[in-house]
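Participant: Just passing along the structure, written as structure tokens.
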Amino acid sequence: MALFAVFQTTFLLALLSLRTYESEVLSEPLPLTPESLKVSVNSTCQCLHLQWTVHSLAYHQELKMVFQIQISRFKTSNVIWVGNYSTTVKRNQVLHWSWESELPLECAAHFIRMRSMVDDARIPKPGFWSNWSSWEEADAQNMLGHDPLFVFPKDKLVEEGSNVTICYVSRIHQDNISCYLEGVQIYGEQLDRSVSAFELKNVSFIREKGTNVFCKVDQGGVLGGIVLFVSKVLEEPKDFSCETQDLKTLTCTWDPGSDTGLTKQPSQSYTLFESFSGKKTLCKHRNWCDWQVAQDSQETFNFTLLAENYLRKRSVSILFNLTQRVHPMTPYNLLPKNVGATKATMTWKVHSIGNNSTLLCQLELLAEGKVIQQSNVSIKVNGEYLLSELEPDTEYVARVRCAYTNHFWKWSELISQKFNTAEAAPSEAPDVWRNLKLVSGHPTVSLFWKPLSKVHANGKILFYNVIVENLDKPSRFEVLSIPAPASSTELTLDQCSYQIHVTAHNSVGPSPASVIVVSGDPGNEEAEKGRVNGTEDGFSVSWKPQSGDATGYVVEWCDGPQDLPCVLQWKNLGPNTTSTVIRSGAFRPGVRYNFRIYGISTRRMAHLLEKKAGYLEELAPSDNPQVVMSKLTSHSFTLSWKDYSTESQPGFIQGYHVYLKPKAGEQCHPAFEKTVLPEDSVCCKYTIDNPEQKTFVVENLQPESVYEFIVTPYTSVGEGPLDAFTKVTTLDEYSHTLVHIILPMIFCILIVMIICYLKSQWLKEKCYPDSPNPYKSSVLSLIKSKENPHLTIMYVNDCVPDAIEVINKPEGSKIQFLGTRKSPTETEFTKPAYLYLLPTEKNYSGPGPCICFENFTYNQAASDFASCGHFPVTPQAPPHQLGPLTSPENLLKALEQNYMNSLGEIPAGEANLNYVSQLASPTSGDKDSLPTNPPEPALCSEYKMQTAIPLGLASAPPSENSSLSSTTLLGQGEHCR
Ligand SMILES: *[C@@H]1O[C@H](CO)[C@@H](O)[C@H](O)[C@H]1NC(C)=O
Ligand SMILES: *[C@@H]1O[C@H](CO)[C@@H](O)[C@H](O)[C@H]1NC(C)=O
Ligand SMILES: *[C@@H]1O[C@H](CO)[C@@H](O)[C@H](O)[C@H]1NC(C)=O
């Protein structure tokens with residue numbers, strides 16, 4: 001090998017010698033191996049800096065050479081880069097070359113060697129490489145301290161979007177080291193036992209203070225880190241331009257783009273360079289720079305703006321002529337002068353540019369933000385312009401801007417000035433309308449007027465003058481002054497006709513007068529009625545033209561719904577108009593509006609022509625009528641909704657729908673139409689197409705069935721809500737019969753029963769009274785009617801006696817009874833002896849039919865009891881006369897005394913004889929008290945004794961006791977019974 005190398009060198013030298021001879025310049029062979037190779041490390045730029053010489057170059061001639069450089073990492077055999085470097089070499093020249101490493105140089109030792117080859121056209125080919133120089137080591141690790149963990153590169157500045165390699169060197173030889181970029185772990189490649197590298201691709205700007213990268217040993221808390229400064233990419237300045245206001249100073253401006261400033265790197269700087277003068281200035285501001293124009297009147301300028309930071313430079317150039325970049329300064333002192341109602345003069349000043357230069361100024365006049373006039377004026381220093389055709393009492397804005405006349409580049413900034421024109425008298429008569437009505441019997445006219453528009457008012461309206469002139473009595477005037485902003489007044493008039501003038505006044509004077517004529521008699525305001533259609537625009541109202549003398553028309557309406565107070569609105573129209581569109585922001589859908597159309601006569605009087613009603617948009621009714629159900633039967637019922645007002649609905653009511661939900665399975669009656677409700681139930685619908693028909697009879701129903709109905713009005717748009725159906729149950733079929741037949745029948749039966757009852761009383765009274773009344777007894781009347789109809793007394797002579805009773809009066813037993821009040825059955829009394837005149841039935845157990853007759857001639861009081869002789873005829877002493885009844889003698893005495901007194905008057909009464917007839921039976925009332933074993937037919941065979949009874953005794957009340965006594969006593973034969 002060495003032999004071959006020696007041979008090769010020998011051959012090369014021989015060849016070079018040959019060539020040297022051929023050329024005068026290169027006459028000697030060249031020893032070309034690079035020598036004195038030195039390698040240094042620059043950490044800032046991560047560069048390996050090489051320097052060497054080629055000593056063996058002969059003479060002082062230049063020779064083109066190629067150097068091949070090899071770079072190894074960690075060890076010489078690990079070549080990571082090979083490259084050529086061509087340059088021209090002189091004898092003993094020190095050559096320099098740098099290589100930038102992606103991996104920070106602190107992380108690995110690098111080894112470099114090189115060889116060379118002559119690559120000069122004067123040397124005949126083929127060239128050959130020299131020997132390699134020996135390896136040179138560049139190891140920055142020696143410079144590190146003794147920390148356990150290092151991360152590189154330190155404080156590196158890179159541009160956004162670049163790739164950066166990070167590495168760490170560990171002195172503790174542990175595997176478990178992890179690295180983080182802004183807290184996010186990153187993964188790299190282990191290059192050596194103690195070195196790892198991480199490639200960060202496309203790094204982005206995070207903050208001016210830099211991006212943090214750190215590595216740590218998982219156990220032990222050993223930490224190492226770096227800050228990576230990522231700068232934004234420097235942008236080229238945009239919109240670079242220069243201009244001057246006075247031809248002395250140029251101001252250049254540009255848009256710098258984003259700032260690249262970092263803690264590690266200041267913001268980019270801007271330098272202005274002018275190529276013709278060769279001058280240069282460092283700009284103090286990021287986006288503008290002043291440049292003083294030299295006195296020698298340089299006209300053309302070539303400016304270059306250079307932007308630079310540590311990483312990059314950017315530049316932009318412009319070339320211009322100074323006079324074409326004049327941007328005049330803003331004019332000043334813009335003022336109005338001599339301002340009138342329609343005219344004003346504006347004056348202003350400008351800054352002069354150079355000597356004798358002129359400016360073109362543009363004066364604009366604005367009203368309500370819009371430009372209404374524009375004029376151009378050429379001036380040197382002072383500007384003046386007369387504005388005319390202005391409106392009185394109007395606010396205007398005047399504004400001025402100027403440009404350099406020689407060459408237009410830009411308008412100056414604007415200067416504005418507000419001013420107001422003066423007032424003038426109003427130019428139009430107010431629009432006046434009236435409304436006539438009677439207020440407590442007096443014709444009253446309400447006058448309304450609209451405020452004059454700004455265009456016509458020409459100033460602030462202060463008051464309105466109303467002059468009322470009586471046409472029937474000329475020279476009668478009344479003047480009213482109504483302060484603004486009133487827009488109506490009321491006048492009370494009499495039956496005369498009046499002409500009313502209304503004028504509006506401002507500080508300058510009055511407007512023309514508006515004249516209307518009203519008659520005190522409101523008259524008959526009937527007119528044709530019609531409908532009007534609403535559209536999106538409003539209401540298109542049209543009317544029949546008035547033949548003859550109409551000088552105009554007025555359409556009048558209220559702006560609100562009918563139930564609100566009327567805000568009277570009107571619209572004046574010319575004489576040839578027969579239609580108009582009424583618009584109002586107040587119109588709402590579903591509200592009925594009424595319009596009245598008046599014609600104005602030549603006498604300026606208004607006559608009502610037509611009335612119209614309409615909806616802007618008809619809506620479906622929102623409510624259903626309150627329906628009253630009546631006349632319910634088993635097959636029908638009647639619905640009525642008389643209270644429903646069709647006027648106040650949100651549309652013209654065209655009729656009603658009657659919905660009836662039939663029983664399940666029942667068909668709709670043919671007059672009804674089958675329809676399906678929104679909730680899918682089937683319903684029968686009947687349509688009433690007359691809005692004024694507000695009753696309906698639902699017929700042909702099933703008895704005793706539940707039906708549901710609803711009545712809903714409909715307009716052209718739709719019908720009312722179908723929500724609340726009303727339930728109704730038809731009556732039972734028989735309840736109808738019940739009402740009509742059974743109830744009357746019951747009534748009749750009741751009446752018959754009452755009649756029967758009454759009749760039975762009468763019959764009983766007539767035929768078998770409890771106590772026969774001789775006066776009333778029909779039997780007797782039958783007997784006696786022929787002879788004497790009025791007298792019903794039976795005479796003893798007329799009777800045929802059938803038995804005679806002889807009474808033996810047992811005095812003692814009677815007294816005993818009275819004293820002890822024992823039951824008669826317990827009392828032993830003497831059985832009377834009877835003489836039977838007529839045969840009797842032996843088995844007769846109860847009292848037989850009998851009538852007892854008394855001679856009431858002697859006992860008037862007894863007849864009043866309406867019963868026959870139920871009073872006790874037992875002689876009784878008045879209570880005051882009764883002593884203690886324990887002694888029978890006392891009582892007997894008192895009785896005897898009474899008897900004597902009363903009997904004394906009637907001597908005939910001494911005989912105790914009773915007449916008994918068998919025709920009447922005792923009344924049931926006495927049955928209970930009767931002895932269970934009455935003395936057989938004795939009762940009916942009794943003849944009443946005709947004795948004179950003292951009134952005091954006879955009038956004793958017929959109490960139970962007395963009745964008992966009476967019955968008992970009867971058994972003793974003392975009384976009729
Ligand atoms: C290292 O490189 C930087 C930038 O390339 C340079 O400014 C600096 O002077 C160099 N340092 C040395 C010691 O050569
Ligand atoms: C960064 O690396 C990616 C992928 O390796 C490459 O495409 C890109 O060009 C690199 N960027 C720079 C600025 O070198
Ligand atoms: C203006 O200046 C720039 C920078 O010096 C130069 O490159 C360019 O050619 C110049 N342009 C003219 C028209 O002179």
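FYI, nothing fancy with the structure tokens labels: chains A, B, ... in order, residues from 1 per chain, ligands from 1 as they appear.
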All residues within 10 Å of ligand 3 are required, counting only C-alpha atoms and all ligand atoms; please report them as a list in words.

Facilitator: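 What falls inside 10 Å of ligand 3 is Phe273, Glu274, Ser275, Phe276, Gly278, Thr300, Phe301, Asn302, Phe303, Thr304, Leu305, Leu306, Ser315, Val316, Ser317, Ile318, Leu319 and Phe320 of chain A.
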
Participant: Do you have, as a Markdown table, the list of residues of chain A lying at most 6 Å from ligand 1, each with its nearest atom pair and that distance in Å to one decimal, counting only C-alpha atoms and all ligand atoms and ordered by chain then number?

Facilitator:
| residue | atom | partner | partner_atom_place_in_ligand_line | distance |
| --- | --- | --- | --- | --- |
| A:Asn42 | CA | ligand 1 | 1 (C) | 4.8 |
| A:Thr44 | CA | ligand 1 | 1 (C) | 5.2 |
| A:Cys45 | CA | ligand 1 | 2 (O) | 4.9 |

Participant: With N, CA and C atoms retained, write the just-selected residues as a PDB file, in the first residue's frame.

Facilitator:
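Okay, result-v3.pdb is ready:
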ATOM      1  N   ASN A  42     -17.333  27.201  16.867  1.00  0.00           N
ATOM      2  CA  ASN A  42     -18.078  28.412  17.222  1.00  0.00           C
ATOM      3  C   ASN A  42     -19.480  27.957  17.617  1.00  0.00           C
ATOM      4  N   THR A  44     -21.954  29.670  18.808  1.00  0.00           N
ATOM      5  CA  THR A  44     -23.047  30.576  18.455  1.00  0.00           C
ATOM      6  C   THR A  44     -23.689  30.146  17.145  1.00  0.00           C
ATOM      7  N   CYS A  45     -22.851  29.861  16.163  1.00  0.00           N
ATOM      8  CA  CYS A  45     -23.427  29.500  14.872  1.00  0.00           C
ATOM      9  C   CYS A  45     -23.370  28.001  14.629  1.00  0.00           C
TER      10      CYS A  45
END

Participant: May I have the residues within 10 Å of Gly225 in chain A as a ChimeraX atom specification, using only C-alpha atoms and disregarding those fewer than 6 positions away in the same chain?

Facilitator: /A:149-154,168,179-181,212-216

Participant: May I have the residues within 12 Å of Glu384 in chain A as a PyMOL selection string, using only C-alpha atoms and disregarding those fewer than 3 positions away in the same chain?

Facilitator: chain A and resi 333-337+344-350+361-363+375-381+387+400

Participant: Can you list, as a list in words, all residues belonging to range 103-223 of chain A that DSSP tags as helix (DSSP H, G or I)?

Facilitator: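 Taking range 103-223 of chain A and keeping helix (DSSP H, G or I) gives Leu105, Glu106, Cys107, Ala140, Gln141, Asn142 and Met143 of chain A.
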
Participant: Looking only at the backbone, which of the residues in range 204-347 of chain A does DSSP tag as strand (DSSP E), as a ChimeraX atom specification?

Facilitator: /A:211-217,223-231,238-244,249-255,269-274,279-282,288-292,300-308,313-321,332-337,344-347

Participant: What does the list of residues within 7 Å of ligand 2 look like if you count only C-alpha atoms and all ligand atoms, written as a list in words?

Facilitator: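 Final answer, ordered by chain and number: Gly161, Ser162, Asn163, Lys201 and Asn202 of chain A.
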
Participant: Please write the residues from the selection above to a file, keeping all heavy atoms, as an mmCIF file, in the first residue's frame.

Facilitator:
data_model
loop_
_atom_site.group_PDB
_atom_site.id
_atom_site.type_symbol
_atom_site.label_atom_id
_atom_site.label_comp_id
_atom_site.auth_asym_id
_atom_site.auth_seq_id
_atom_site.Cartn_x
_atom_site.Cartn_y
_atom_site.Cartn_z
ATOM 1 N N GLY A 161 -40.798 28.113 11.746
ATOM 2 C CA GLY A 161 -40.887 27.187 10.609
ATOM 3 C C GLY A 161 -39.620 26.412 10.363
ATOM 4 O O GLY A 161 -39.614 25.525 9.513
ATOM 5 N N SER A 162 -38.527 26.736 11.085
ATOM 6 C CA SER A 162 -37.298 26.011 10.795
ATOM 7 C C SER A 162 -37.230 24.729 11.636
ATOM 8 O O SER A 162 -38.037 24.519 12.542
ATOM 9 C CB SER A 162 -36.083 26.902 11.039
ATOM 10 O OG SER A 162 -36.169 27.483 12.309
ATOM 11 N N ASN A 163 -36.258 23.843 11.284
ATOM 12 C CA ASN A 163 -36.052 22.597 12.024
ATOM 13 C C ASN A 163 -34.868 22.795 12.959
ATOM 14 O O ASN A 163 -33.842 23.325 12.542
ATOM 15 C CB ASN A 163 -35.750 21.462 11.042
ATOM 16 C CG ASN A 163 -36.896 21.253 10.063
ATOM 17 O OD1 ASN A 163 -38.047 21.542 10.377
ATOM 18 N ND2 ASN A 163 -36.564 20.778 8.871
ATOM 19 N N LYS A 201 -39.355 19.774 14.380
ATOM 20 C CA LYS A 201 -39.680 20.199 13.015
ATOM 21 C C LYS A 201 -40.571 21.426 13.081
ATOM 22 O O LYS A 201 -41.493 21.483 13.887
ATOM 23 C CB LYS A 201 -40.435 19.081 12.284
ATOM 24 C CG LYS A 201 -39.686 17.769 12.227
ATOM 25 C CD LYS A 201 -38.982 17.628 10.905
ATOM 26 C CE LYS A 201 -38.281 16.274 10.838
ATOM 27 N NZ LYS A 201 -37.221 16.282 9.855
ATOM 28 N N ASN A 202 -40.320 22.335 12.187
ATOM 29 C CA ASN A 202 -41.260 23.435 11.936
ATOM 30 C C ASN A 202 -41.674 24.124 13.240
ATOM 31 O O ASN A 202 -42.843 24.194 13.577
ATOM 32 C CB ASN A 202 -42.481 22.838 11.209
ATOM 33 C CG ASN A 202 -43.327 23.916 10.586
ATOM 34 O OD1 ASN A 202 -42.907 25.075 10.502
ATOM 35 N ND2 ASN A 202 -44.503 23.534 10.142
#

Participant: So that I can see what lies close to Arg399 in chain A, please list as a list in words the residues with an atom at most 6 Å from it, counting only C-alpha atoms and leaving out residues fewer than 5 positions away in the same chain.

Facilitator: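 With the cut-off at 6 Å, the set is Leu363, Glu364, Ile415 and Ser416 of chain A.
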
Participant: Selection from above, N, CA and C atoms, as a PDB file, in the first residue's frame, can you write it?

Facilitator:
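File selection.pdb, as written:
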ATOM      1  N   LEU A 363     -65.446  72.647  -2.493  1.00  0.00           N
ATOM      2  CA  LEU A 363     -66.367  73.021  -1.407  1.00  0.00           C
ATOM      3  C   LEU A 363     -67.634  72.188  -1.556  1.00  0.00           C
ATOM      4  N   GLU A 364     -67.995  71.490  -0.512  1.00  0.00           N
ATOM      5  CA  GLU A 364     -69.214  70.671  -0.547  1.00  0.00           C
ATOM      6  C   GLU A 364     -70.197  71.188   0.484  1.00  0.00           C
ATOM      7  N   ILE A 415     -61.973  69.915   6.054  1.00  0.00           N
ATOM      8  CA  ILE A 415     -62.346  70.736   7.204  1.00  0.00           C
ATOM      9  C   ILE A 415     -63.843  71.039   7.046  1.00  0.00           C
ATOM     10  N   SER A 416     -64.622  70.889   8.139  1.00  0.00           N
ATOM     11  CA  SER A 416     -66.083  71.063   8.059  1.00  0.00           C
ATOM     12  C   SER A 416     -66.517  72.213   8.950  1.00  0.00           C
TER      13      SER A 416
END

Participant: Excluding Thr342 in chain A and any residue of its chain fewer than 6 positions from it, enumerate the residues within 12 Å of it, using only C-alpha atoms, and give them as a list in words.

Facilitator: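 Here the answer would be Leu386, Leu387, Ser388, Glu389, Leu390, Glu391, Pro392, Asp393, Thr394, Glu395, Tyr396, Asn420, Thr421, Ala422, Glu423, Ala424 and Asn458 of chain A.
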
Participant: Could you write out that same residue set with N, CA, C and O atoms as an mmCIF file, in the first residue's frame?

Facilitator:
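Output saved as result_10.cif:
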data_model
loop_
_atom_site.group_PDB
_atom_site.id
_atom_site.type_symbol
_atom_site.label_atom_id
_atom_site.label_comp_id
_atom_site.auth_asym_id
_atom_site.auth_seq_id
_atom_site.Cartn_x
_atom_site.Cartn_y
_atom_site.Cartn_z
ATOM 1 N N LEU A 386 -69.827 81.766 -2.610
ATOM 2 C CA LEU A 386 -71.205 82.123 -2.253
ATOM 3 C C LEU A 386 -72.114 80.920 -2.501
ATOM 4 O O LEU A 386 -72.242 80.445 -3.642
ATOM 5 N N LEU A 387 -72.737 80.449 -1.444
ATOM 6 C CA LEU A 387 -73.703 79.349 -1.569
ATOM 7 C C LEU A 387 -75.094 79.960 -1.695
ATOM 8 O O LEU A 387 -75.462 80.830 -0.905
ATOM 9 N N SER A 388 -75.862 79.518 -2.695
ATOM 10 C CA SER A 388 -77.223 80.055 -2.854
ATOM 11 C C SER A 388 -78.210 78.884 -2.909
ATOM 12 O O SER A 388 -77.818 77.720 -2.790
ATOM 13 N N GLU A 389 -79.481 79.226 -3.117
ATOM 14 C CA GLU A 389 -80.572 78.240 -3.176
ATOM 15 C C GLU A 389 -80.638 77.399 -1.900
ATOM 16 O O GLU A 389 -80.880 76.201 -1.938
ATOM 17 N N LEU A 390 -80.414 78.060 -0.791
ATOM 18 C CA LEU A 390 -80.513 77.336 0.475
ATOM 19 C C LEU A 390 -81.943 77.410 0.989
ATOM 20 O O LEU A 390 -82.708 78.284 0.600
ATOM 21 N N GLU A 391 -82.291 76.472 1.865
ATOM 22 C CA GLU A 391 -83.612 76.477 2.497
ATOM 23 C C GLU A 391 -83.525 77.319 3.755
ATOM 24 O O GLU A 391 -82.533 77.237 4.489
ATOM 25 N N PRO A 392 -84.592 78.066 4.064
ATOM 26 C CA PRO A 392 -84.569 78.839 5.311
ATOM 27 C C PRO A 392 -84.567 77.901 6.517
ATOM 28 O O PRO A 392 -85.073 76.780 6.429
ATOM 29 N N ASP A 393 -84.029 78.408 7.603
ATOM 30 C CA ASP A 393 -84.020 77.694 8.880
ATOM 31 C C ASP A 393 -83.599 76.230 8.724
ATOM 32 O O ASP A 393 -84.297 75.318 9.144
ATOM 33 N N THR A 394 -82.478 76.072 8.087
ATOM 34 C CA THR A 394 -82.000 74.705 7.878
ATOM 35 C C THR A 394 -80.550 74.632 8.307
ATOM 36 O O THR A 394 -79.798 75.583 8.113
ATOM 37 N N GLU A 395 -80.202 73.486 8.879
ATOM 38 C CA GLU A 395 -78.807 73.323 9.277
ATOM 39 C C GLU A 395 -78.035 72.715 8.114
ATOM 40 O O GLU A 395 -78.466 71.716 7.524
ATOM 41 N N TYR A 396 -76.946 73.339 7.774
ATOM 42 C CA TYR A 396 -76.083 72.841 6.698
ATOM 43 C C TYR A 396 -74.692 72.590 7.241
ATOM 44 O O TYR A 396 -74.308 73.167 8.256
ATOM 45 N N ASN A 420 -76.468 77.557 10.187
ATOM 46 C CA ASN A 420 -77.924 77.535 10.047
ATOM 47 C C ASN A 420 -78.376 78.725 9.233
ATOM 48 O O ASN A 420 -77.964 79.849 9.521
ATOM 49 N N THR A 421 -79.261 78.487 8.268
ATOM 50 C CA THR A 421 -79.814 79.631 7.527
ATOM 51 C C THR A 421 -80.878 80.295 8.389
ATOM 52 O O THR A 421 -81.399 79.686 9.326
ATOM 53 N N ALA A 422 -81.229 81.512 8.057
ATOM 54 C CA ALA A 422 -82.201 82.274 8.849
ATOM 55 C C ALA A 422 -83.614 81.793 8.540
ATOM 56 O O ALA A 422 -83.852 81.111 7.542
ATOM 57 N N GLU A 423 -84.574 82.164 9.409
ATOM 58 C CA GLU A 423 -85.963 81.769 9.198
ATOM 59 C C GLU A 423 -86.619 82.630 8.136
ATOM 60 O O GLU A 423 -86.185 83.746 7.862
ATOM 61 N N ALA A 424 -87.727 82.090 7.531
ATOM 62 C CA ALA A 424 -88.562 82.870 6.625
ATOM 63 C C ALA A 424 -89.999 82.543 6.980
ATOM 64 O O ALA A 424 -90.260 81.568 7.681
ATOM 65 N N ASN A 458 -90.334 76.753 7.484
ATOM 66 C CA ASN A 458 -89.297 77.789 7.342
ATOM 67 C C ASN A 458 -88.891 78.415 8.660
ATOM 68 O O ASN A 458 -88.481 79.568 8.706
#

Participant: Which residues come within 9 Å of Asp643 in chain A, counting only C-alpha atoms, excluding same-chain residues fewer than 5 positions away, as a VMD selection string?

Facilitator: chain A and resid 625 to 627 694

Participant: What is the CA of Met745 in chain A to CA of Gln761 in chain A distance in Å?

Facilitator: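 Interatomic distance here is 24.1 Å.
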
Participant: Would you mind telling me which residue in A:Glu299, A:Glu189, A:Glu647, A:Asp120 lies nearest to Ser277 in chain A when using only C-alpha atoms?

Facilitator: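 Among A:Glu299, A:Glu189, A:Glu647, A:Asp120, it is A:Glu299 that comes nearest to Ser277 in chain A.
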
Participant: Which value, in Å to one decimal, gives the distance between CA of Lys631 in chain A and CA of Tyr656 in chain A?

Facilitator: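 Straight-line distance from CA of Lys631 in chain A to CA of Tyr656 in chain A works out to 20.4 Å.
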
Participant: Report, in Å with one decimal, the straight-line distance from CA of Pro266 in chain A to CA of Thr253 in chain A.

Facilitator: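 So the two atoms, CA of Pro266 in chain A and CA of Thr253 in chain A, lie 21.0 Å apart.
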
Participant: With distances taken over only C-alpha atoms, which residue among A:Ala484, A:Ala664, A:Leu677, A:Leu491 lies nearest Val439 in chain A?

Facilitator: A:Leu491

Participant: Tell me which of A:Trp557, A:Tyr593, A:Tyr714, A:Tyr734 sits closest to Trp570 in chain A, counting only C-alpha atoms.

Facilitator: A:Trp557
